[in-house]
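Participant: One structure follows; several queries about it will come next.
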Amino acid sequence: MSRLVLWTSTRTTGTIARLVLAEAGLDHETRFLALREGEHKQPDFLAINPKGQVPALVLPDGTVITENIAIALYAGLAAPGSGVMPADPVGMARTVEWLSWGVCSIVSAWQPRFMPGRFTAGGEGAEADVATAAEERAAAALDIAEAALEGRETLLGGPPTAADLMLLFITTMGSLLGIGGDTPNLAAHRERMAARPKVAAILAEEGLA
Ligand SMILES: N[C@@H](CCC(=O)N[C@@H](CS)C(=O)NCC(=O)O)C(=O)O
């Protein structure tokens with residue numbers, strides 16, 4: 001294998017890694033798994049990523065990198081001029097700060113919204129309460145990004161980074177599902193990011209345009 005291989009699934013957090021690799025300009029092959037069919041839990045894929053999750057990036061020497069933040073760091077260092085990960089220490093720290101916010105405060109916070117039964121022992125109305133609380137937590141976190149974008153085109157105020165790509169994914173999914181991401185600055189940010197040619201192509205392919 002001489003190219004990078006990205007294992008992903010459409011309309012999942014694997015899309016973030018797809019966007020990052022594309023904007024980094026790293027030559028790679030994209031392989032899709034059907035999560036609904038459980039392909040990510042089959043032995044062949046578990047041998048690649050024992051977590052049974054996408055994204056997973058396989059390097060030509062067989063090294064496997066999982067977790068969006070790690071993949072973004074790899075892409076930034078492998079394609080230093082691309083800007084997906086700023087080279088200055090503060091810029092890099094800020095980018096990782098936003099990436100971590102995206103994974104922990106939004107993507108993870110949303111999970112109980114979609115599978116409330118996994119987060120409560122039950123009782124009348126418990127699942128609805130869990131789902132509502134999840135949505136409220138994520139909405140409060142999205143307000144942080146809305147405020148940060150006041151008077152700025154990107155989260156760091158400079159060229160777009162991996163953090164902006166993650167935010168684009170979050171607000172695209174949030175808007176699609178009606179659970180946030182449509183406040184003025186977030187909507188304008190999404191529109192700007194979605195107009196980038198490589199981003200637009202991926203969003204169109206995944207039915208997210
Ligand atoms: N912390 C991971 C999250 C990865 C993740 O949750 N992937 C989901 C797709 S949205 C997945 O593969 N879920 C299948 C499962 O956990 O069974 C990251 O940021 O990459």
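Chains: A, B, ... in order of the structure tokens. Residues: from 1 per chain. Ligands: from 1, in order shown.
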For Gly117 in chain A, work out the shell of residues within 9 Å, counting only C-alpha atoms and skipping chain neighbours fewer than 5 positions away, then give it as a list of chain:residue names.

Facilitator: A:Pro112, A:Gly122, A:Ala126, A:Glu127, A:Val130

Participant: Go ahead and write the selection's residues with C-alpha atoms as a CSV table (one decimal), in the first residue's frame.

Facilitator:
chain,number,residue,atom,x,y,z
A,112,PRO,CA,-27.7,10.9,24.3
A,122,GLY,CA,-35.5,4.1,32.4
A,126,ALA,CA,-36.4,9.6,31.4
A,127,GLU,CA,-35.4,9.1,27.8
A,130,VAL,CA,-31.9,12.8,28.7

Participant: Ligand 1: which residues are within 6 Å, counting only C-alpha atoms and all ligand atoms? Reply as an MDAnalysis selection string.

Facilitator: chainID A and resid 12:13 52:55 67:68 103

Participant: Go through range 110-189 of chain A and collect every residue that DSSP, computed from the backbone, puts in alpha helix (DSSP H); the answer should be as a ChimeraX atom specification.

Facilitator: /A:110-114,126-148,162-177,184-189

Participant: Could the residues in this selection be saved with N, CA and C atoms as a compact mmCIF listing (two decimals), in the first residue's frame?

Facilitator:
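again_9.txt, freshly written:
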# COMPACT_ATOMS: atom_id res chain seq x y z
N TRP A 110 -23.99 15.29 21.97
CA TRP A 110 -25.18 14.96 21.18
C TRP A 110 -25.60 13.50 21.32
N GLN A 111 -24.65 12.63 21.66
CA GLN A 111 -24.95 11.19 21.61
C GLN A 111 -26.23 10.80 22.35
N PRO A 112 -26.43 11.27 23.59
CA PRO A 112 -27.67 10.89 24.29
C PRO A 112 -28.93 11.39 23.60
N ARG A 113 -28.77 12.39 22.75
CA ARG A 113 -29.92 12.91 22.01
C ARG A 113 -30.42 11.85 21.01
N PHE A 114 -29.47 11.06 20.48
CA PHE A 114 -29.84 10.08 19.46
C PHE A 114 -30.10 8.69 20.04
N ALA A 126 -37.89 9.46 31.21
CA ALA A 126 -36.44 9.58 31.42
C ALA A 126 -35.69 9.78 30.11
N GLU A 127 -36.08 9.01 29.09
CA GLU A 127 -35.36 9.12 27.82
C GLU A 127 -35.56 10.50 27.20
N ALA A 128 -36.76 11.01 27.29
CA ALA A 128 -37.03 12.35 26.73
C ALA A 128 -36.21 13.40 27.49
N ASP A 129 -36.12 13.24 28.81
CA ASP A 129 -35.35 14.19 29.61
C ASP A 129 -33.87 14.14 29.22
N VAL A 130 -33.36 12.93 29.04
CA VAL A 130 -31.95 12.76 28.68
C VAL A 130 -31.68 13.43 27.32
N ALA A 131 -32.61 13.19 26.38
CA ALA A 131 -32.44 13.76 25.04
C ALA A 131 -32.48 15.29 25.09
N THR A 132 -33.41 15.82 25.86
CA THR A 132 -33.52 17.28 25.96
C THR A 132 -32.28 17.88 26.60
N ALA A 133 -31.81 17.24 27.67
CA ALA A 133 -30.62 17.74 28.35
C ALA A 133 -29.41 17.74 27.42
N ALA A 134 -29.31 16.68 26.59
CA ALA A 134 -28.19 16.58 25.65
C ALA A 134 -28.25 17.72 24.64
N GLU A 135 -29.44 17.97 24.15
CA GLU A 135 -29.60 19.03 23.15
C GLU A 135 -29.26 20.39 23.77
N GLU A 136 -29.68 20.58 25.01
CA GLU A 136 -29.41 21.86 25.67
C GLU A 136 -27.91 22.06 25.92
N ARG A 137 -27.25 20.97 26.33
CA ARG A 137 -25.79 21.07 26.57
C ARG A 137 -25.06 21.43 25.28
N ALA A 138 -25.44 20.76 24.19
CA ALA A 138 -24.77 21.03 22.92
C ALA A 138 -25.08 22.44 22.43
N ALA A 139 -26.32 22.88 22.64
CA ALA A 139 -26.71 24.23 22.20
C ALA A 139 -25.90 25.28 22.95
N ALA A 140 -25.70 25.04 24.25
CA ALA A 140 -24.92 26.00 25.05
C ALA A 140 -23.48 26.04 24.54
N ALA A 141 -22.95 24.89 24.17
CA ALA A 141 -21.58 24.85 23.66
C ALA A 141 -21.50 25.54 22.30
N LEU A 142 -22.53 25.37 21.48
CA LEU A 142 -22.54 26.03 20.17
C LEU A 142 -22.56 27.55 20.33
N ASP A 143 -23.19 28.02 21.40
CA ASP A 143 -23.21 29.47 21.65
C ASP A 143 -21.80 30.03 21.82
N ILE A 144 -20.90 29.21 22.34
CA ILE A 144 -19.51 29.64 22.51
C ILE A 144 -18.88 29.94 21.15
N ALA A 145 -19.14 29.05 20.19
CA ALA A 145 -18.59 29.26 18.84
C ALA A 145 -19.26 30.43 18.16
N GLU A 146 -20.56 30.57 18.37
CA GLU A 146 -21.28 31.71 17.78
C GLU A 146 -20.65 33.02 18.26
N ALA A 147 -20.35 33.09 19.54
CA ALA A 147 -19.75 34.33 20.09
C ALA A 147 -18.32 34.51 19.57
N ALA A 148 -17.58 33.43 19.46
CA ALA A 148 -16.18 33.53 19.01
C ALA A 148 -16.08 34.01 17.58
N ALA A 162 -8.29 23.05 10.67
CA ALA A 162 -9.09 21.84 10.90
C ALA A 162 -10.27 22.13 11.83
N ALA A 163 -10.10 23.09 12.73
CA ALA A 163 -11.19 23.42 13.66
C ALA A 163 -12.40 23.96 12.90
N ASP A 164 -12.14 24.75 11.87
CA ASP A 164 -13.26 25.28 11.07
C ASP A 164 -13.95 24.16 10.29
N LEU A 165 -13.16 23.17 9.87
CA LEU A 165 -13.76 22.04 9.14
C LEU A 165 -14.64 21.22 10.08
N MET A 166 -14.16 21.05 11.32
CA MET A 166 -14.98 20.32 12.29
C MET A 166 -16.27 21.11 12.58
N LEU A 167 -16.11 22.42 12.76
CA LEU A 167 -17.30 23.24 13.04
C LEU A 167 -18.29 23.17 11.88
N LEU A 168 -17.77 23.21 10.67
CA LEU A 168 -18.64 23.09 9.49
C LEU A 168 -19.44 21.78 9.55
N PHE A 169 -18.77 20.69 9.87
CA PHE A 169 -19.47 19.41 9.95
C PHE A 169 -20.56 19.47 11.03
N ILE A 170 -20.19 20.02 12.18
CA ILE A 170 -21.14 20.09 13.30
C ILE A 170 -22.37 20.93 12.94
N THR A 171 -22.14 22.10 12.36
CA THR A 171 -23.29 22.97 12.07
C THR A 171 -24.10 22.42 10.88
N THR A 172 -23.44 21.73 9.97
CA THR A 172 -24.17 21.13 8.86
C THR A 172 -25.10 20.04 9.38
N MET A 173 -24.57 19.16 10.22
CA MET A 173 -25.39 18.08 10.77
C MET A 173 -26.46 18.66 11.71
N GLY A 174 -26.05 19.64 12.52
CA GLY A 174 -26.99 20.24 13.47
C GLY A 174 -28.17 20.88 12.76
N SER A 175 -27.84 21.59 11.69
CA SER A 175 -28.88 22.27 10.94
C SER A 175 -29.79 21.26 10.24
N LEU A 176 -29.18 20.23 9.67
CA LEU A 176 -29.94 19.18 8.98
C LEU A 176 -30.92 18.49 9.93
N LEU A 177 -30.45 18.26 11.15
CA LEU A 177 -31.26 17.51 12.12
C LEU A 177 -32.12 18.43 12.98
N PRO A 184 -26.72 33.31 13.49
CA PRO A 184 -26.17 34.07 12.34
C PRO A 184 -24.70 33.82 12.04
N ASN A 185 -23.83 33.89 13.02
CA ASN A 185 -22.40 33.73 12.73
C ASN A 185 -22.06 32.30 12.33
N LEU A 186 -22.71 31.33 12.95
CA LEU A 186 -22.46 29.93 12.59
C LEU A 186 -22.96 29.65 11.18
N ALA A 187 -24.12 30.20 10.84
CA ALA A 187 -24.67 29.98 9.50
C ALA A 187 -23.77 30.61 8.44
N ALA A 188 -23.26 31.82 8.72
CA ALA A 188 -22.39 32.50 7.75
C ALA A 188 -21.06 31.74 7.62
N HIS A 189 -20.55 31.25 8.73
CA HIS A 189 -19.31 30.47 8.71
C HIS A 189 -19.52 29.21 7.87

Participant: Measuring between only C-alpha atoms, which one of A:Ala93, A:Leu59, A:Met193, A:Ala121 shows the shortest distance to Ser2 in chain A?

Facilitator: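 Residue with the minimum atom-to-atom distance to Ser2 in chain A: A:Leu59.
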
Participant: Measure the distance from CA of Thr95 in chain A to CA of Gly181 in chain A in Å and round it to one decimal.

Facilitator: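 Between CA of Thr95 in chain A and CA of Gly181 in chain A the gap is 19.3 Å.
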
Participant: Find the residues near Glu23 in chain A: any atom within 8 Å, counting only C-alpha atoms, skip ones fewer than 5 places away on the same chain, and give them as a ChimeraX atom specification.

Facilitator: /A:82,84,198-199

Participant: To one decimal in Å, tell me the separation between CA of Val20 in chain A and CA of Gly83 in chain A.

Facilitator: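 Interatomic distance here is 10.2 Å.
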
Participant: Given the choices A:Thr66, A:Ser9, A:Leu4, A:Glu206, which gets closest to Arg36 in chain A if the distance is worked out from only C-alpha atoms?

Facilitator: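 Of A:Thr66, A:Ser9, A:Leu4, A:Glu206, the one nearest Arg36 in chain A, counting only C-alpha atoms, is A:Ser9.
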
Participant: Per DSSP on the backbone, filter chain A down to the residues in strand (DSSP E) and report them as a list in words.

Facilitator: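 After running DSSP on the backbone, chain A has strand (DSSP E) at Leu4, Val5, Leu6, Trp7, Thr8, His28, Glu29, Thr30, Arg31, Phe32, Ala56, Leu57, Val58, Val64, Ile65 and Thr66 of chain A.
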
Participant: What is the distance, in Å and to one decimal place, between CA of Glu97 in chain A and CA of Ile69 in chain A?

Facilitator: 9.8 Å

Participant: Just the residues within 12 Å of Val58 in chain A, please, counting only C-alpha atoms, with nothing from its chain fewer than 3 positions along; format it as a short mmCIF file (atom, residue, chain, number, x, y, z; two decimals) with C-alpha atoms, in the first residue's frame.

Facilitator:
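Saved the output as result-v1.cif:
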data_model
loop_
_atom_site.label_atom_id
_atom_site.label_comp_id
_atom_site.auth_asym_id
_atom_site.auth_seq_id
_atom_site.Cartn_x
_atom_site.Cartn_y
_atom_site.Cartn_z
CA MET A 1 0.00 0.00 0.00
CA SER A 2 1.59 3.26 -1.09
CA ARG A 3 -1.17 5.73 -0.28
CA LEU A 4 -2.93 6.80 2.87
CA VAL A 5 -6.22 5.00 3.36
CA LEU A 6 -9.04 6.68 5.25
CA TRP A 7 -11.75 4.43 6.62
CA THR A 8 -14.93 6.39 7.11
CA HIS A 28 -5.36 9.27 -0.10
CA GLU A 29 -7.93 6.62 -0.84
CA THR A 30 -11.27 6.76 0.95
CA ARG A 31 -12.95 3.50 1.94
CA PHE A 45 -12.06 -3.72 10.38
CA ALA A 47 -8.10 -5.65 13.12
CA ILE A 48 -7.49 -2.11 11.84
CA ASN A 49 -9.29 -0.22 14.61
CA VAL A 54 -14.53 5.60 12.10
CA PRO A 55 -12.46 7.51 11.19
CA ASP A 61 3.68 1.57 6.49
CA GLY A 62 0.56 0.14 8.15
CA THR A 63 0.49 2.56 11.09
CA VAL A 64 -3.11 3.27 12.10
CA ILE A 65 -4.23 6.64 13.46
CA THR A 66 -7.67 6.94 15.00
CA ILE A 71 -5.73 12.65 12.35
CA TYR A 74 -1.01 14.17 11.56
#

Participant: Looking at only C-alpha atoms, which of A:Ala24, A:Ala200, A:Gly125, A:Ile16 is the one that sits closest to Leu77 in chain A?

Facilitator: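 For Leu77 in chain A, the nearest of the given residues is A:Ala24.
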